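What follows is a short report on a single structure.
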Amino acid sequence: MKAVICTKYGPPEVLQLKEVGKPIPKDNEVLIKIHATAVTASDCIIRGFNMPGDHKFPMRQIMGLMMRLYVGFTKPKNPILGLVLSGEIESHGKDIKRFKTGDQVYGMTGYSFGGYAEYKCMTEKESKNGCLAIKPKNMSHQEAASVSYGGILAIHYMRKMNIQVGQKVLIYGASGAIGTVAVQIAKSLGAEVTAVCGSSNAELVRSLGADKFIDYTDEGAVNKLEVYDKILDAAGKNKKSDLKTASKTALKENGLYISVDDGLLELRSEYLIQLTELCEAGKIRAVTDSTYPLEQIVEAHRYVDKGHKKGNVVITI
């Protein structure tokens with residue numbers, strides 16, 4: 001089968017398309033024929049081994065060491081990267097109960113990676129190595145791959161925020177993979193949503209339901225801040241600005257500020273199931289910046305490395 005191999009950390013050029021052996025599912029695994037994956041910001045961080053955030057020594061070094069324990073010290077333990085996938089179950093082991101051959105599924109691969117290939121084996125039970133669910137019936141594989149990463153993370157953080165009807169919510173990084181889904185979820189929960197992103201994405205976030213928009217590059221942006229019940233930094237701590245610094249003081253008493261860099265994400269199938277329900281109910285739509293074939297994975301990584309994608313970048317297989 002075709003797969004993109006990463007034998008060392010570095011720039012996009014370390015990724016190479018090669019022929020490798022097709023995996024065989026174990027008794028507790030399904031074999032997925034992958035139709036689409038995506039290039040997320042996390043994929044690029046792992047490939048280049050660039051630690052996100054504004055953590056100072058020694059915290060940054062400690063986090064880097066912990067990450068290498070999971071991912072690999074000098075090179076990825078699994079040379080086939082790719083954190084998300086959408087495809088069809090081609091076969092499965094004898095112990096599988098939740099899925100059957102022919103099921104259309106999507107999910108995250110976790111620390112096992114493997115999305116940049118034609119086939120991937122996964123267990124049906126959620127773990128640090130991924131989670132699976134039936135993909136939304138109203139979405140193509142490209143759309144499902146696009147929405148899965150941001151969808152799982154957005155649901156994870158939205159649950160922590162416990163948004164109530166009428167609350168004011170500020171979402172920083174509203175045009176990215178996580179932000180585009182978070183805006184839609186917060187709006188569906190009855191919040192008044194203020195989206196923060198570049199002016200070129202104003203129309204996009206408004207179309208997703210944002211009530212107000214702030215351009216983070218505007219010199220007067222700080223003056224447009226109000227007082228908020230909840231603030232989500234969906235861009236991460238490595239994206240700094242005067243507006244983000246000021247927004248931390250724009251919380252109501254007992255308000256909540258959450259960054260996507262805070263803590264580790266638990267991969268849960270229930271997040272995917274909830275995401276499927278929201279998508280099929282028309283409350284969430286996928287936002288895809290651009291689409292590349294697997295053969296152009298290097299170009300896709302170069303693009304995502306620039307840090308200005310809208311939603312997600314999809315890879316077709």
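Quick note on naming: the chains in the structure tokens go A, B, ... in the order shown, residues restart at 1 in each chain, and ligands are numbered from 1 in order of appearance.
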
Using only C-alpha atoms, what table do you get, as a tab-separated table, when you list each residue of stretch 76-168 of chain A with an atom no more than 7 Å from stretch 24-31 of chain A, its nearest pair of atoms, and their distance in Å rounded to one decimal, rows by chain then rising number?
```
residue	atom	partner	partner_atom	distance
A:Ile89	CA	A:Leu31	CA	5.7
A:Glu90	CA	A:Leu31	CA	5.7
A:Ser91	CA	A:Leu31	CA	5.3
A:His92	CA	A:Val30	CA	4.1
A:Gly93	CA	A:Asp27	CA	3.8
A:Lys94	CA	A:Asp27	CA	5.1
A:Asp95	CA	A:Asn28	CA	5.1
A:Ile96	CA	A:Asn28	CA	5.7
A:Tyr119	CA	A:Leu31	CA	6.8
A:Lys120	CA	A:Leu31	CA	5.8
A:Cys121	CA	A:Leu31	CA	4.5
A:Met122	CA	A:Glu29	CA	5.2
A:Thr123	CA	A:Glu29	CA	4.3
A:Glu124	CA	A:Glu29	CA	6.4
```

Let me see the file: selected residues, C-alpha atoms, as a short mmCIF file (atom, residue, chain, number, x, y, z; two decimals), in the first residue's frame.
```cif
data_model
loop_
_atom_site.label_atom_id
_atom_site.label_comp_id
_atom_site.auth_asym_id
_atom_site.auth_seq_id
_atom_site.Cartn_x
_atom_site.Cartn_y
_atom_site.Cartn_z
CA ILE A 89 -14.07 -0.94 7.21
CA GLU A 90 -12.73 -3.53 4.78
CA SER A 91 -12.40 -6.40 7.26
CA HIS A 92 -12.11 -7.06 10.97
CA GLY A 93 -11.02 -9.53 13.64
CA LYS A 94 -13.34 -12.05 15.27
CA ASP A 95 -13.75 -10.08 18.53
CA ILE A 96 -15.23 -6.94 16.95
CA TYR A 119 -4.98 1.35 5.16
CA LYS A 120 -4.92 1.48 8.96
CA CYS A 121 -5.77 -1.05 11.68
CA MET A 122 -7.51 0.25 14.81
CA THR A 123 -9.19 -1.24 17.85
CA GLU A 124 -12.88 -0.53 18.32
#
```

For A:Tyr303, work out the shell of residues within 12 Å, counting only C-alpha atoms and skipping chain neighbours fewer than 3 positions away, then give it as a ChimeraX atom specification. /A:11-12,39-41,44,289-292,296-300,306-310,312-314

Take the residues from that selection and write them out as a PDB file, in the first residue's frame, keeping N, CA and C atoms.
```pdb
ATOM      1  N   PRO A  11      11.718  19.502   8.487  1.00  0.00           N
ATOM      2  CA  PRO A  11      10.806  20.263   7.635  1.00  0.00           C
ATOM      3  C   PRO A  11       9.910  19.324   6.827  1.00  0.00           C
ATOM      4  N   PRO A  12       8.940  19.857   6.089  1.00  0.00           N
ATOM      5  CA  PRO A  12       8.028  19.013   5.303  1.00  0.00           C
ATOM      6  C   PRO A  12       8.727  18.023   4.381  1.00  0.00           C
ATOM      7  N   VAL A  39      -4.204  17.434   7.370  1.00  0.00           N
ATOM      8  CA  VAL A  39      -2.949  17.952   7.924  1.00  0.00           C
ATOM      9  C   VAL A  39      -3.323  18.985   8.971  1.00  0.00           C
ATOM     10  N   THR A  40      -3.242  18.594  10.231  1.00  0.00           N
ATOM     11  CA  THR A  40      -3.570  19.503  11.320  1.00  0.00           C
ATOM     12  C   THR A  40      -2.308  20.214  11.806  1.00  0.00           C
ATOM     13  N   ALA A  41      -2.509  21.244  12.622  1.00  0.00           N
ATOM     14  CA  ALA A  41      -1.355  21.927  13.211  1.00  0.00           C
ATOM     15  C   ALA A  41      -0.543  20.958  14.056  1.00  0.00           C
ATOM     16  N   CYS A  44       1.900  18.920  12.057  1.00  0.00           N
ATOM     17  CA  CYS A  44       3.114  19.676  11.709  1.00  0.00           C
ATOM     18  C   CYS A  44       4.045  19.827  12.907  1.00  0.00           C
ATOM     19  N   ASP A 289     -10.233  24.303   4.145  1.00  0.00           N
ATOM     20  CA  ASP A 289      -9.440  25.346   3.493  1.00  0.00           C
ATOM     21  C   ASP A 289      -9.059  24.944   2.085  1.00  0.00           C
ATOM     22  N   SER A 290      -8.479  23.745   1.963  1.00  0.00           N
ATOM     23  CA  SER A 290      -7.989  23.262   0.675  1.00  0.00           C
ATOM     24  C   SER A 290      -7.828  21.753   0.728  1.00  0.00           C
ATOM     25  N   THR A 291      -7.710  21.148  -0.444  1.00  0.00           N
ATOM     26  CA  THR A 291      -7.598  19.695  -0.546  1.00  0.00           C
ATOM     27  C   THR A 291      -6.399  19.325  -1.427  1.00  0.00           C
ATOM     28  N   TYR A 292      -5.611  18.354  -0.966  1.00  0.00           N
ATOM     29  CA  TYR A 292      -4.442  17.877  -1.707  1.00  0.00           C
ATOM     30  C   TYR A 292      -4.527  16.356  -1.839  1.00  0.00           C
ATOM     31  N   GLN A 296       0.852  14.921  -2.725  1.00  0.00           N
ATOM     32  CA  GLN A 296       1.287  16.295  -2.483  1.00  0.00           C
ATOM     33  C   GLN A 296       1.309  16.620  -0.989  1.00  0.00           C
ATOM     34  N   ILE A 297       1.596  15.626  -0.160  1.00  0.00           N
ATOM     35  CA  ILE A 297       1.604  15.819   1.289  1.00  0.00           C
ATOM     36  C   ILE A 297       2.643  16.852   1.724  1.00  0.00           C
ATOM     37  N   VAL A 298       3.772  16.916   1.041  1.00  0.00           N
ATOM     38  CA  VAL A 298       4.810  17.896   1.392  1.00  0.00           C
ATOM     39  C   VAL A 298       4.291  19.308   1.192  1.00  0.00           C
ATOM     40  N   GLU A 299       3.644  19.545   0.051  1.00  0.00           N
ATOM     41  CA  GLU A 299       3.080  20.864  -0.224  1.00  0.00           C
ATOM     42  C   GLU A 299       2.014  21.227   0.806  1.00  0.00           C
ATOM     43  N   ALA A 300       1.200  20.246   1.211  1.00  0.00           N
ATOM     44  CA  ALA A 300       0.162  20.493   2.208  1.00  0.00           C
ATOM     45  C   ALA A 300       0.764  20.894   3.549  1.00  0.00           C
ATOM     46  N   LYS A 306       2.492  27.617   7.553  1.00  0.00           N
ATOM     47  CA  LYS A 306       2.380  29.084   7.504  1.00  0.00           C
ATOM     48  C   LYS A 306       1.455  29.616   8.590  1.00  0.00           C
ATOM     49  N   GLY A 307       0.550  28.760   9.085  1.00  0.00           N
ATOM     50  CA  GLY A 307      -0.284  29.137  10.215  1.00  0.00           C
ATOM     51  C   GLY A 307      -1.510  29.965   9.908  1.00  0.00           C
ATOM     52  N   HIS A 308      -1.986  29.933   8.687  1.00  0.00           N
ATOM     53  CA  HIS A 308      -3.137  30.781   8.341  1.00  0.00           C
ATOM     54  C   HIS A 308      -4.276  30.009   7.671  1.00  0.00           C
ATOM     55  N   LYS A 309      -4.362  28.719   7.896  1.00  0.00           N
ATOM     56  CA  LYS A 309      -5.422  27.954   7.242  1.00  0.00           C
ATOM     57  C   LYS A 309      -6.786  28.263   7.862  1.00  0.00           C
ATOM     58  N   LYS A 310      -7.820  28.097   7.053  1.00  0.00           N
ATOM     59  CA  LYS A 310      -9.201  28.237   7.523  1.00  0.00           C
ATOM     60  C   LYS A 310      -9.762  26.833   7.731  1.00  0.00           C
ATOM     61  N   ASN A 312      -9.666  23.193   8.176  1.00  0.00           N
ATOM     62  CA  ASN A 312      -8.634  22.171   8.039  1.00  0.00           C
ATOM     63  C   ASN A 312      -8.221  21.968   6.586  1.00  0.00           C
ATOM     64  N   VAL A 313      -7.058  21.361   6.413  1.00  0.00           N
ATOM     65  CA  VAL A 313      -6.530  21.009   5.095  1.00  0.00           C
ATOM     66  C   VAL A 313      -6.678  19.504   4.934  1.00  0.00           C
ATOM     67  N   VAL A 314      -7.378  19.088   3.887  1.00  0.00           N
ATOM     68  CA  VAL A 314      -7.728  17.680   3.691  1.00  0.00           C
ATOM     69  C   VAL A 314      -6.796  17.018   2.689  1.00  0.00           C
TER      70      VAL A 314
END
```

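For the set A:Ile46, A:Ala210, A:Cys279, A:Ile5, the residue with the smallest atom-to-atom gap to A:Glu143 is A:Cys279, counting only C-alpha atoms.
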
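Of the listed residues (A:Gly173, A:Gly179, A:Gly130, A:Gly236), A:Gly173 comes nearest to A:Ile214; the distances count only C-alpha atoms.
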
Based on the backbone DSSP call, show me all residues of stretch 59-287 of chain A assigned alpha helix (DSSP H), as a compact mmCIF listing (two decimals) with N, CA and C atoms, in the first residue's frame.
```txt
# COMPACT_ATOMS: atom_id res chain seq x y z
N MET A 59 10.20 24.06 32.04
CA MET A 59 8.93 23.44 31.70
C MET A 59 8.88 23.01 30.25
N ARG A 60 9.40 23.84 29.35
CA ARG A 60 9.38 23.49 27.92
C ARG A 60 10.18 22.20 27.67
N GLN A 61 11.33 22.09 28.34
CA GLN A 61 12.16 20.91 28.15
C GLN A 61 11.49 19.67 28.74
N ILE A 62 10.82 19.83 29.87
CA ILE A 62 10.11 18.71 30.49
C ILE A 62 8.98 18.24 29.58
N MET A 63 8.22 19.18 29.02
CA MET A 63 7.13 18.81 28.12
C MET A 63 7.67 18.15 26.86
N GLY A 64 8.81 18.64 26.38
CA GLY A 64 9.43 18.04 25.20
C GLY A 64 9.85 16.61 25.46
N LEU A 65 10.41 16.36 26.66
CA LEU A 65 10.82 15.00 27.03
C LEU A 65 9.62 14.07 27.11
N MET A 66 8.53 14.56 27.72
CA MET A 66 7.32 13.75 27.85
C MET A 66 6.75 13.40 26.47
N MET A 67 6.78 14.38 25.58
CA MET A 67 6.26 14.16 24.23
C MET A 67 7.10 13.11 23.51
N ARG A 68 8.42 13.17 23.69
CA ARG A 68 9.29 12.20 23.02
C ARG A 68 9.06 10.78 23.56
N LEU A 69 8.69 10.67 24.83
CA LEU A 69 8.41 9.35 25.39
C LEU A 69 7.24 8.69 24.66
N TYR A 70 6.25 9.50 24.28
CA TYR A 70 5.09 8.98 23.57
C TYR A 70 5.35 8.82 22.08
N VAL A 71 6.00 9.81 21.49
CA VAL A 71 6.11 9.88 20.02
C VAL A 71 7.38 9.22 19.50
N HIS A 141 -16.39 11.68 2.97
CA HIS A 141 -15.19 11.32 3.73
C HIS A 141 -14.27 12.53 3.89
N GLN A 142 -14.20 13.37 2.87
CA GLN A 142 -13.36 14.56 2.97
C GLN A 142 -13.86 15.50 4.06
N GLU A 143 -15.18 15.68 4.12
CA GLU A 143 -15.75 16.55 5.15
C GLU A 143 -15.56 15.95 6.54
N ALA A 144 -15.75 14.63 6.65
CA ALA A 144 -15.60 13.97 7.94
C ALA A 144 -14.16 14.07 8.45
N ALA A 145 -13.19 13.88 7.57
CA ALA A 145 -11.79 14.01 7.95
C ALA A 145 -11.48 15.45 8.36
N SER A 146 -12.10 16.39 7.68
CA SER A 146 -11.87 17.80 7.97
C SER A 146 -12.39 18.20 9.34
N VAL A 147 -13.56 17.68 9.72
CA VAL A 147 -14.22 18.14 10.95
C VAL A 147 -13.82 17.34 12.18
N SER A 148 -13.24 16.15 12.01
CA SER A 148 -13.03 15.25 13.15
C SER A 148 -12.06 15.81 14.19
N TYR A 149 -10.91 16.30 13.76
CA TYR A 149 -9.90 16.80 14.71
C TYR A 149 -10.43 17.98 15.51
N GLY A 150 -10.85 19.02 14.81
CA GLY A 150 -11.38 20.20 15.50
C GLY A 150 -12.64 19.88 16.27
N GLY A 151 -13.44 18.95 15.75
CA GLY A 151 -14.68 18.58 16.41
C GLY A 151 -14.47 17.93 17.76
N ILE A 152 -13.56 16.96 17.81
CA ILE A 152 -13.28 16.27 19.08
C ILE A 152 -12.73 17.25 20.10
N LEU A 153 -11.77 18.08 19.69
CA LEU A 153 -11.18 19.03 20.63
C LEU A 153 -12.19 20.08 21.07
N ALA A 154 -13.00 20.58 20.14
CA ALA A 154 -13.99 21.60 20.48
C ALA A 154 -15.01 21.05 21.48
N ILE A 155 -15.49 19.83 21.25
CA ILE A 155 -16.44 19.22 22.18
C ILE A 155 -15.80 19.03 23.55
N HIS A 156 -14.55 18.59 23.58
CA HIS A 156 -13.82 18.41 24.84
C HIS A 156 -13.79 19.71 25.64
N TYR A 157 -13.42 20.82 24.99
CA TYR A 157 -13.30 22.09 25.70
C TYR A 157 -14.65 22.75 25.96
N MET A 158 -15.61 22.56 25.07
CA MET A 158 -16.94 23.10 25.30
C MET A 158 -17.58 22.45 26.53
N ARG A 159 -17.35 21.16 26.71
CA ARG A 159 -17.87 20.49 27.91
C ARG A 159 -17.26 21.07 29.17
N LYS A 160 -15.96 21.33 29.13
CA LYS A 160 -15.29 21.93 30.29
C LYS A 160 -15.84 23.32 30.59
N MET A 161 -16.23 24.04 29.54
CA MET A 161 -16.70 25.41 29.72
C MET A 161 -18.14 25.48 30.23
N ALA A 177 -9.14 25.07 12.81
CA ALA A 177 -9.83 23.77 12.86
C ALA A 177 -10.69 23.64 14.11
N ILE A 178 -10.15 24.02 15.25
CA ILE A 178 -10.91 23.92 16.51
C ILE A 178 -11.90 25.07 16.62
N GLY A 179 -11.45 26.27 16.30
CA GLY A 179 -12.30 27.45 16.45
C GLY A 179 -13.56 27.42 15.62
N THR A 180 -13.47 26.94 14.38
CA THR A 180 -14.66 26.93 13.52
C THR A 180 -15.75 26.02 14.09
N VAL A 181 -15.36 24.93 14.71
CA VAL A 181 -16.35 24.04 15.34
C VAL A 181 -16.83 24.63 16.66
N ALA A 182 -15.92 25.21 17.43
CA ALA A 182 -16.28 25.79 18.72
C ALA A 182 -17.31 26.91 18.57
N VAL A 183 -17.15 27.74 17.54
CA VAL A 183 -18.13 28.81 17.29
C VAL A 183 -19.52 28.21 17.07
N GLN A 184 -19.58 27.16 16.27
CA GLN A 184 -20.87 26.54 15.95
C GLN A 184 -21.50 25.88 17.17
N ILE A 185 -20.68 25.21 17.99
CA ILE A 185 -21.21 24.56 19.19
C ILE A 185 -21.70 25.60 20.19
N ALA A 186 -20.88 26.62 20.44
CA ALA A 186 -21.27 27.65 21.40
C ALA A 186 -22.57 28.33 20.98
N LYS A 187 -22.71 28.58 19.68
CA LYS A 187 -23.94 29.21 19.19
C LYS A 187 -25.13 28.28 19.35
N SER A 188 -24.93 26.99 19.10
CA SER A 188 -26.03 26.03 19.23
C SER A 188 -26.48 25.89 20.69
N ALA A 202 -13.55 37.18 8.48
CA ALA A 202 -14.73 37.72 9.16
C ALA A 202 -16.02 37.14 8.60
N GLU A 203 -16.13 37.08 7.29
CA GLU A 203 -17.35 36.56 6.67
C GLU A 203 -17.55 35.08 7.02
N LEU A 204 -16.45 34.33 7.07
CA LEU A 204 -16.53 32.92 7.41
C LEU A 204 -17.11 32.71 8.80
N VAL A 205 -16.54 33.37 9.82
CA VAL A 205 -16.99 33.13 11.19
C VAL A 205 -18.42 33.63 11.41
N ARG A 206 -18.78 34.69 10.70
CA ARG A 206 -20.18 35.15 10.80
C ARG A 206 -21.13 34.11 10.21
N SER A 207 -20.69 33.47 9.11
CA SER A 207 -21.53 32.44 8.49
C SER A 207 -21.69 31.22 9.39
N ASP A 242 -1.36 41.42 21.79
CA ASP A 242 -1.81 42.30 22.87
C ASP A 242 -3.27 42.04 23.19
N LEU A 243 -4.05 41.70 22.15
CA LEU A 243 -5.48 41.44 22.35
C LEU A 243 -5.67 40.21 23.25
N LYS A 244 -4.91 39.17 23.00
CA LYS A 244 -5.05 37.95 23.80
C LYS A 244 -4.68 38.23 25.25
N THR A 245 -3.61 38.98 25.45
CA THR A 245 -3.19 39.33 26.81
C THR A 245 -4.28 40.13 27.52
N ALA A 246 -4.86 41.10 26.81
CA ALA A 246 -5.91 41.93 27.40
C ALA A 246 -7.18 41.15 27.68
N SER A 247 -7.47 40.15 26.83
CA SER A 247 -8.71 39.40 26.98
C SER A 247 -8.76 38.62 28.28
N SER A 269 -14.70 7.96 22.27
CA SER A 269 -15.65 7.68 21.20
C SER A 269 -16.93 8.49 21.37
N GLU A 270 -17.29 8.78 22.63
CA GLU A 270 -18.51 9.55 22.88
C GLU A 270 -18.40 10.96 22.30
N TYR A 271 -17.19 11.52 22.23
CA TYR A 271 -17.02 12.82 21.59
C TYR A 271 -17.37 12.72 20.11
N LEU A 272 -16.87 11.66 19.46
CA LEU A 272 -17.15 11.46 18.04
C LEU A 272 -18.63 11.21 17.79
N ILE A 273 -19.25 10.44 18.67
CA ILE A 273 -20.68 10.15 18.52
C ILE A 273 -21.49 11.43 18.65
N GLN A 274 -21.13 12.27 19.62
CA GLN A 274 -21.81 13.56 19.77
C GLN A 274 -21.57 14.45 18.55
N LEU A 275 -20.34 14.42 18.04
CA LEU A 275 -20.02 15.20 16.85
C LEU A 275 -20.86 14.74 15.66
N THR A 276 -21.01 13.43 15.50
CA THR A 276 -21.84 12.88 14.43
C THR A 276 -23.28 13.39 14.56
N GLU A 277 -23.81 13.36 15.77
CA GLU A 277 -25.19 13.82 16.00
C GLU A 277 -25.36 15.29 15.65
N LEU A 278 -24.38 16.10 16.04
CA LEU A 278 -24.45 17.54 15.75
C LEU A 278 -24.36 17.81 14.26
N CYS A 279 -23.50 17.05 13.57
CA CYS A 279 -23.35 17.22 12.12
C CYS A 279 -24.63 16.80 11.40
N GLU A 280 -25.19 15.67 11.79
CA GLU A 280 -26.39 15.17 11.12
C GLU A 280 -27.60 16.05 11.42
```

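Among the candidates A:Ser140, A:Asn129, A:Ile171, A:Glu118, the one nearest to A:Ser259 when counting only C-alpha atoms is A:Ile171.
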
Pick out the closest residue to A:Ile231 from this set: A:Pro293, A:Gly209, A:Gly87, A:Gly255. Count only C-alpha atoms. A:Gly255

note - atom CA of A:Ser112 and atom CA of A:Thr288 are separated by 24.5 Å

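Atom to atom, atom CA of A:Ala195 and atom CA of A:Leu208 stand 10.0 Å apart.
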
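For the residues A:Tyr228, A:Thr217, A:Leu85, A:Gly176, ranking by smallest atom-to-atom distance to A:Glu192 using only C-alpha atoms places A:Tyr228 first.
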
Determine, counting only C-alpha atoms, which protein, DNA and RNA residues have an atom within 8 Å of an atom of A:Ile80; residues of the same chain fewer than 6 positions away are not included. Present the result as an MDAnalysis selection string. chainID A and resid 3:6 113:117

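Considering only C-alpha atoms, the residue among A:Leu232, A:Glu13, A:Lys125, A:Asn201 positioned nearest to A:Gly311 is A:Asn201.
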
Non-local contacts of A:Met108 (6 Å; only C-alpha atoms; under 3 positions in same chain excluded) as a compact mmCIF listing (two decimals) with N, CA and C atoms, in the first residue's frame:
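Output contents, as saved in result-v5.txt:
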```
# COMPACT_ATOMS: atom_id res chain seq x y z
N LEU A 83 -3.06 12.12 12.11
CA LEU A 83 -3.85 12.01 13.33
C LEU A 83 -5.33 11.72 13.11
N VAL A 84 -5.82 11.89 11.89
CA VAL A 84 -7.24 11.66 11.64
C VAL A 84 -7.42 10.81 10.39
N GLY A 130 -6.28 6.04 19.80
CA GLY A 130 -7.33 6.46 18.89
C GLY A 130 -8.74 6.11 19.31
N CYS A 131 -9.69 6.63 18.54
CA CYS A 131 -11.11 6.34 18.76
C CYS A 131 -11.82 6.41 17.41
```

DSSP-assigned strand (DSSP E) members of stretch 121-155 of chain A, reported as a VMD selection string: chain A and resid 121 to 123 131 to 134

For A:Pro76, find every residue with an atom within 8 Å (counting only C-alpha atoms), except residues of its own chain fewer than 2 positions away, and show them as a tab-separated table (two decimals) with C-alpha atoms, in the first residue's frame.
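The resulting file, part-v3.tsv, is shown below:
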```
chain	number	residue	atom	x	y	z
A	6	CYS	CA	8.68	10.11	8.25
A	7	THR	CA	12.02	8.64	9.36
A	8	LYS	CA	13.28	11.75	11.18
A	9	TYR	CA	12.00	15.05	12.56
A	71	VAL	CA	6.11	9.88	20.02
A	72	GLY	CA	9.77	8.81	19.77
A	73	PHE	CA	13.12	10.29	20.84
A	74	THR	CA	15.09	10.68	17.60
A	78	ASN	CA	5.41	4.97	13.93
A	79	PRO	CA	6.95	6.47	10.77
```
